[in-house]
Amino acid sequence: MTTTTLRPTTRTVPRKAPPTRIAGLAARTPFWVFSGAIAVIFLYPLIWTAISSVSPLPGTGQVNGWGLGNYATLAHYQAGIGRYLANSVIVSGLCVILTLLISTLGGYAFARFRFPGRNLLFLLVLSILMVPYASLLIPLYVLLNKIGLSNSLVGVALVLTMFQLPFSTFMMRISFESVPRELDEAAMVDGCSSFSALWRVLLPAVRPGLITVGLFAFLAAWNDFFAPLILINDTNKMTLPLAVSNLRVQVQGVVDYGATEAGVVVLAVPCIVLFLLLQRHYVRGFMSGALKG
């Protein structure tokens with residue numbers, strides 16, 4: 001005869017979240033709600049513009065149904081959107097290259113070398129930020145005309161680079177100062193020159209700062225309207241913001257809102273894509289500067 005032993009059954013009781021975790025979630029909820037509301041406020045105009053650029057609207061290139069009629073109007077405006085995009089790419093590319101080159105060398109010199117009047121010269125560079133942007137364009141136009149760079153994309157890029165240099169030099173200086181001096185000193189002990197230590201050791205260490213400076217220079221040059229308006233008088237050399245502004249007003253002062261919104265979308269897409277791709281380095285670049293400053 002076999003006997004069976006009955007074991008007491010255990011019932012699994014769901015574990016409750018610890019009070020500290022619940023309190024933490026409750027404390028962070030207002031921050032999440034506030035952040036979400038701010039995100040909606042900033043994203044709503046972009047989403048509304050994107051939807052309006054393809055929706056039917058009287059007096060535009062898209063009258064019947066949803067479609068890309070406004071983008072077709074934009075594409076065939078005067079020299080064509082391809083020409084204006086190429087002009088914007090040239091101006092923005094030159095501005096980014098020149099800004100990175102000059103600000104990197106300047107920031108490296110201010111951070112690593114001791115010379116008389118260093119701080120005074122640095123303050124002089126930063127003082128450009130105190131000069132109103134519009135007040136310098138007319139003198140710069142006269143200067144560019146004398147050196148043969150008026151009505152040229154190179155001249156516009158040089159002007160935009162000049163206005164980017166104060167902030168960019170400041171960012172690169174604090175980026176280099178956040179790197180320990182022992183790194184480049186060890187490289188020089190191994191036989192590197194100052195330039196070789198900069199190229200091989202310091203530039204990889206300040207990559208977030210370089211990306212931050214380059215992104216700011218691109219956004220400023222890509223979206224700038226006032227400098228091309230003053231310095232460019234050839235319709236074939238207009239940048240995209242200037243072309244979209246001219247396209248906005250048509251015959252008898254009628255505003256083509258559809259083509260304008262399509263132009264805004266085309267202008268915004270490269271900026272959004274670049275920021276999403278580089279946002280991690282962008283935040284790190286600002287954090288290094290904040291910790292040092």
# chains A, B, ... in the order shown; residues from 1 in each chain; ligands from 1
$ residues_around --residues "region 82-94 of chain A" --least-positions-apart "4" --cutoff "7 Å" --atoms "only C-alpha atoms" --output "compact mmCIF listing (two decimals) with C-alpha atoms, in the first residue's frame"
# COMPACT_ATOMS: atom_id res chain seq x y z
CA LEU A 98 36.64 77.71 -42.76
CA LEU A 153 29.14 82.71 -52.97
CA VAL A 154 32.70 82.76 -51.61
CA VAL A 156 28.96 85.31 -48.58
CA ALA A 157 30.71 82.31 -47.00
CA PHE A 218 26.04 74.82 -40.93
CA ALA A 221 24.88 79.48 -43.02
CA TRP A 222 22.07 77.25 -44.32
CA LYS A 237 23.50 82.80 -57.25
CA MET A 238 20.71 83.08 -54.71
CA THR A 239 20.69 80.69 -51.80
CA LEU A 240 17.57 78.68 -51.03
$ residues_around --residues "Phe163 (chain A)" --least-positions-apart "6" --cutoff "10 Å" --atoms "only C-alpha atoms" --output "list of chain:residue names"
A:Thr99, A:Ile128, A:Leu129, A:Val131, A:Tyr133, A:Ala217, A:Ala220
$ closest_residue --among "A:Val125, A:Met172, A:Ile41, A:Val33" --to "Ser103 (chain A)" --atoms "only C-alpha atoms"
A:Met172
$ closest_residue --among "A:Leu231, A:Gly117, A:Ala50, A:Thr260" --to "Leu144 (chain A)" --atoms "only C-alpha atoms"
A:Leu231
$ atom_distance --atom1 "CA of Pro56 (chain A)" --atom2 "CA of Cys271 (chain A)"
26.4 Å
$ atom_distance --atom1 "CA of Ser53 (chain A)" --atom2 "CA of Leu277 (chain A)"
25.0 Å
$ select_by_dssp --residues "region 38-261 of chain A" --states "alpha helix (DSSP H)" --output "PyMOL selection string"
chain A and resi 38-54+69-75+81-112+118-126+137-146+153-177+181-189+194-197+203-205+207-223+226-231+240-248+257-261
$ residues_around --residues "Val159 (chain A)" --least-positions-apart "5" --cutoff "9 Å" --atoms "only C-alpha atoms" --output "PyMOL selection string"
chain A and resi 95+137+140+154+164+227
$ residues_around --residues "Gly106 (chain A)" --least-positions-apart "3" --cutoff "10 Å" --atoms "only C-alpha atoms" --output "list of chain:residue names"
A:Leu100, A:Leu101, A:Ile102, A:Ser103, A:Ala109, A:Phe110, A:Ala111, A:Phe122, A:Leu165, A:Ser168, A:Thr169, A:Phe170, A:Met172, A:Arg173
